[in-house]
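K.L.:
My questions all concern the structure below.
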Amino acid sequence: MENGMKGNLTINGYGSSNGGHFNQVKLNGRGIVNGNLECVLFECNGSGAVHGDLKVDNGKISGSGKVKGAVEGNNFTIEGHGSVSEGVSLLNKMNISGSSKIGGNLRADEIQIKGKATIATDCEAENFRSDGQFAIGGLLSADHIDVRLYGESTAAEIGGQTIKIKGKKRGFFQLFKPFFQTKLTVSVIEGDELQLESTKAEVVRGKNVNIGPDCEIDLVEYKESFLCDDDAKVREFKKI
Amino acid sequence: MSNELISKKDLLDLTGISYGQLYRWKRKNLIPEEWFIRKSTFTGQETFFPKEKVLERIDKIQSMKETLSLDELAELLSPLSAAGVELSKNELLKRNIVTNKSLELYVTENGMTESFPFDQLLKVFILDKLLSSGDISLDEGRMLLQVLKEASGTLGQSKHELLLIRKLGVTSCLLVNGAENIIVDQGSKVTVRLSVMSCIEELKTNL
């Protein structure tokens, strides 16, 4: 995006503006942008909203920002309570460290979740890493999926090359039944290298499958190797 | 075209690709979403593919991925991405994309243009393909162009198929969108059935 002639838009406190092309857009307070917005830098601190599509190089929502439309761009960060009503499609990185809701697909090169993410349909990336919770309504697909579970996460399907799901550390507190379950629930997992813990799935298919503690799996189909922890429940497994 | 399906497991076995590759190609849209057909079987959910199409596509990807990056491949295989291409009349002839005969017919029907953007190029290409194969006559070619002209703008955006039906020497030309089976009466014969999407792919590999 060239930014030769474009100005900046800053709304402090209450205020609203129409959309358009800008260099920097900052919404501090309750700023509202009506219409599609295209800018190089977007920052929303407070409870700002964009009523339209947002196209941005680097965007960040740190308050409870809303985009009522789709987001397209390079990098995007949600630190507070952000929501995007349609899909998000990024060339580079998506960072979610608060709680966020995405009403469509999420596509990025790299996705990192540290808080809680709700994605209505598919989630696609080259690298997907979660140290939090997620609820994905469709397929989670990435080359490398690295998940550390905290609480409950769900996805309809997971597919990729290497998939690592780690449950929480086992220690003294395991003596008490935890109030919140640590579990990933998914119907189908397919990948080449699979290492699963605390996962509940109907079907797991892969080349090298390693089922760790706390798993409940109805059927495992593997090509080369299959390992199963004593603490896991696998109803049926077969080599194909 | 056969409607035979192949399960994902069999597909991976047959082609020797991995889950990782399959999902990567799906993400890059090298394998279109609508080819992933979900069905429940007694072992749970499984995904199936139209066998012929997916095998051909994977073959294509594997043969070209040595020389092209995945993104370039996606560009090549996606139907709408070549919209920016524009070629002049001379270039078209010089590079043997279409024959002079079809080009002349197109020009007499649609008026003279110096350069051809992709959507027009596609029309000439389809015309040329059918004329050169001897499937249609010049008159039928004119009819075909008329049909394609009606559909301009939306051509190739979905599962368009071109049909030519002949009865007692009279031809009708139809452009249908997503029809699986077509049944005609006994006296009629479907002489041409052509998927617009496959024409687009073919044209692009020629460009």
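Identifiers for the structure tokens are assigned positionally: chains receive A, B, ... in sequence, residues are indexed from 1 per chain, and ligands are indexed from 1 in the order shown.
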Could you pull the residues within 10 Å of Gly103 in chain A, counting only C-alpha atoms, minus those fewer than 2 positions along the same chain, as a PDB file with N, CA and C atoms, in the first residue's frame?
P.N.:
```pdb
ATOM      1  N   LYS A  68     -17.463  -5.134  11.839  1.00  0.00           N
ATOM      2  CA  LYS A  68     -18.653  -5.779  11.278  1.00  0.00           C
ATOM      3  C   LYS A  68     -18.444  -5.915   9.787  1.00  0.00           C
ATOM      4  N   GLY A  69     -17.674  -6.898   9.435  1.00  0.00           N
ATOM      5  CA  GLY A  69     -17.328  -7.128   8.048  1.00  0.00           C
ATOM      6  C   GLY A  69     -16.158  -8.091   8.026  1.00  0.00           C
ATOM      7  N   ALA A  70     -15.417  -8.107   6.922  1.00  0.00           N
ATOM      8  CA  ALA A  70     -14.292  -9.014   6.795  1.00  0.00           C
ATOM      9  C   ALA A  70     -12.988  -8.261   7.037  1.00  0.00           C
ATOM     10  N   SER A  83     -13.922  -8.826  18.019  1.00  0.00           N
ATOM     11  CA  SER A  83     -14.735  -9.713  17.209  1.00  0.00           C
ATOM     12  C   SER A  83     -14.766  -9.231  15.766  1.00  0.00           C
ATOM     13  N   VAL A  84     -14.801 -10.181  14.884  1.00  0.00           N
ATOM     14  CA  VAL A  84     -14.892  -9.898  13.461  1.00  0.00           C
ATOM     15  C   VAL A  84     -16.083 -10.699  12.966  1.00  0.00           C
ATOM     16  N   SER A  85     -17.028 -10.018  12.327  1.00  0.00           N
ATOM     17  CA  SER A  85     -18.267 -10.742  12.025  1.00  0.00           C
ATOM     18  C   SER A  85     -18.143 -11.650  10.805  1.00  0.00           C
ATOM     19  N   GLU A  86     -17.173 -11.364   9.920  1.00  0.00           N
ATOM     20  CA  GLU A  86     -16.995 -12.262   8.779  1.00  0.00           C
ATOM     21  C   GLU A  86     -15.607 -12.879   8.827  1.00  0.00           C
ATOM     22  N   GLY A  87     -15.061 -13.260   7.686  1.00  0.00           N
ATOM     23  CA  GLY A  87     -13.801 -13.979   7.668  1.00  0.00           C
ATOM     24  C   GLY A  87     -12.592 -13.084   7.864  1.00  0.00           C
ATOM     25  N   VAL A  88     -11.475 -13.704   8.238  1.00  0.00           N
ATOM     26  CA  VAL A  88     -10.202 -12.997   8.366  1.00  0.00           C
ATOM     27  C   VAL A  88      -9.203 -13.705   7.461  1.00  0.00           C
ATOM     28  N   SER A 100     -11.588 -13.838  21.434  1.00  0.00           N
ATOM     29  CA  SER A 100     -11.996 -13.282  20.158  1.00  0.00           C
ATOM     30  C   SER A 100     -12.983 -14.198  19.474  1.00  0.00           C
ATOM     31  N   LYS A 101     -13.808 -13.547  18.668  1.00  0.00           N
ATOM     32  CA  LYS A 101     -14.801 -14.299  17.906  1.00  0.00           C
ATOM     33  C   LYS A 101     -14.643 -13.950  16.448  1.00  0.00           C
ATOM     34  N   ASN A 105     -14.213 -17.730   8.143  1.00  0.00           N
ATOM     35  CA  ASN A 105     -12.955 -18.475   8.098  1.00  0.00           C
ATOM     36  C   ASN A 105     -11.824 -17.638   8.674  1.00  0.00           C
ATOM     37  N   LEU A 106     -10.819 -18.295   9.221  1.00  0.00           N
ATOM     38  CA  LEU A 106      -9.589 -17.598   9.590  1.00  0.00           C
ATOM     39  C   LEU A 106      -8.456 -18.209   8.782  1.00  0.00           C
ATOM     40  N   THR A 118     -12.880 -18.239  19.137  1.00  0.00           N
ATOM     41  CA  THR A 118     -14.024 -18.951  18.580  1.00  0.00           C
ATOM     42  C   THR A 118     -14.061 -18.633  17.094  1.00  0.00           C
ATOM     43  N   ILE A 119     -13.973 -19.664  16.298  1.00  0.00           N
ATOM     44  CA  ILE A 119     -13.959 -19.476  14.849  1.00  0.00           C
ATOM     45  C   ILE A 119     -15.128 -20.257  14.264  1.00  0.00           C
ATOM     46  N   ALA A 120     -15.991 -19.546  13.532  1.00  0.00           N
ATOM     47  CA  ALA A 120     -17.250 -20.162  13.116  1.00  0.00           C
ATOM     48  C   ALA A 120     -17.042 -21.305  12.127  1.00  0.00           C
ATOM     49  N   THR A 121     -16.144 -21.126  11.168  1.00  0.00           N
ATOM     50  CA  THR A 121     -15.980 -22.193  10.176  1.00  0.00           C
ATOM     51  C   THR A 121     -14.535 -22.687  10.175  1.00  0.00           C
ATOM     52  N   GLY A 137     -15.518 -24.323  14.340  1.00  0.00           N
ATOM     53  CA  GLY A 137     -16.724 -24.971  13.827  1.00  0.00           C
ATOM     54  C   GLY A 137     -16.483 -25.865  12.626  1.00  0.00           C
TER      55      GLY A 137
END
```
K.L.:
Go through chain A and collect every residue that DSSP, computed from the backbone, puts in helix (DSSP H, G or I); the answer should be as a list in words.
P.N.:
Phe172, Phe173, Gln174 and Leu175 of chain A
K.L.:
Pull out every residue of chain B sitting within 9 Å of chain A, counting only C-alpha atoms, and send them as a PyMOL selection string.
P.N.:
chain B and resi 9+18-24+27+43-46
K.L.:
Considering only C-alpha atoms, state which residue in the set B:Glu140, B:Ser152, B:Val147, B:Asp71 is at the smallest distance from Lys28 in chain B.
P.N.:
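Among the listed residues, the smallest separation from Lys28 in chain B belongs to B:Asp71.
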K.L.:
With only C-alpha atoms as the counted atoms, please give the residues lying no more than 9 Å from Gly132 in chain A, apart from itself and same-chain residues fewer than 3 positions off, as a PyMOL selection string.
P.N.:
chain A and resi 97+113-117+147-153
K.L.:
When DSSP is applied to the backbone of this structure, which of range 1-238 of chain A are assigned strand (DSSP E or B)? Write them out as a PyMOL selection string.
P.N.:
chain A and resi 9-12+15-28+31-45+49-51+54-61+66-67+71-78+83-84+88-90+93-96+99-102+106-107+110-113+116-119+123-130+133-148+152-166+183-196+199-211+216-228+233-238
K.L.:
What separation in Å, quoted to one decimal, exists between CA of Glu161 in chain B and CA of Leu174 in chain B?
P.N.:
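About the pair CA of Glu161 in chain B and CA of Leu174 in chain B: they are 8.2 Å apart.
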K.L.:
Would you list the contacts of His21 in chain A as a PyMOL selection string, taking every protein, DNA or RNA residue within 10 Å and counting only C-alpha atoms, but skipping same-chain residues closer than 4 positions in sequence?
P.N.:
chain A and resi 3+5-9+25+36-40+55-56
K.L.:
With a distance cut-off of 10 Å and only C-alpha atoms, select the neighbouring residues of range 42-45 of chain A, excluding the residue or stretch itself and same-chain residues fewer than 5 positions from it, and output the selection as number ranges by chain.
P.N.:
A: 9-12, 22-31, 37, 50, 54-66, 76-80, 82
K.L.:
Can you list, as number ranges by chain, every protein, DNA or RNA residue that comes within 10 Å of Leu162 in chain B when you count only C-alpha atoms, leaving out same-chain residues fewer than 6 positions away?
P.N.:
B: 126, 144, 147-148, 173-177, 192-196
K.L.:
Using only C-alpha atoms, which protein or nucleic acid residues come within 9 Å of Leu131 in chain B? Drop anything in the same chain fewer than 4 positions from it, and give the result as a PyMOL selection string.
P.N.:
chain B and resi 101-102+126-127+135-138+141
K.L.:
For C-alpha atoms, I'd like the residues from the last selection saved as a PDB file, in the first residue's frame.
P.N.:
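Writing done, so here's part.pdb:
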```pdb
ATOM      1  CA  LYS B 101     -10.257 -19.607 -39.277  1.00  0.00           C
ATOM      2  CA  SER B 102     -11.906 -19.475 -35.855  1.00  0.00           C
ATOM      3  CA  ILE B 126     -13.877 -22.952 -27.153  1.00  0.00           C
ATOM      4  CA  LEU B 127     -14.982 -22.163 -30.677  1.00  0.00           C
ATOM      5  CA  ASP B 135     -17.670 -31.502 -34.011  1.00  0.00           C
ATOM      6  CA  ILE B 136     -19.470 -28.439 -35.281  1.00  0.00           C
ATOM      7  CA  SER B 137     -19.971 -26.593 -38.543  1.00  0.00           C
ATOM      8  CA  LEU B 138     -19.368 -22.903 -39.134  1.00  0.00           C
ATOM      9  CA  GLY B 141     -20.076 -22.034 -34.469  1.00  0.00           C
TER      10      GLY B 141
END
```
K.L.:
So how many Å separate CA of Asn100 in chain B and CA of Ser88 in chain B, to one decimal?
P.N.:
12.9 Å
K.L.:
One decimal, in Å: what's the spacing between CA of Asp122 in chain A and CA of Ser99 in chain A?
P.N.:
17.7 Å
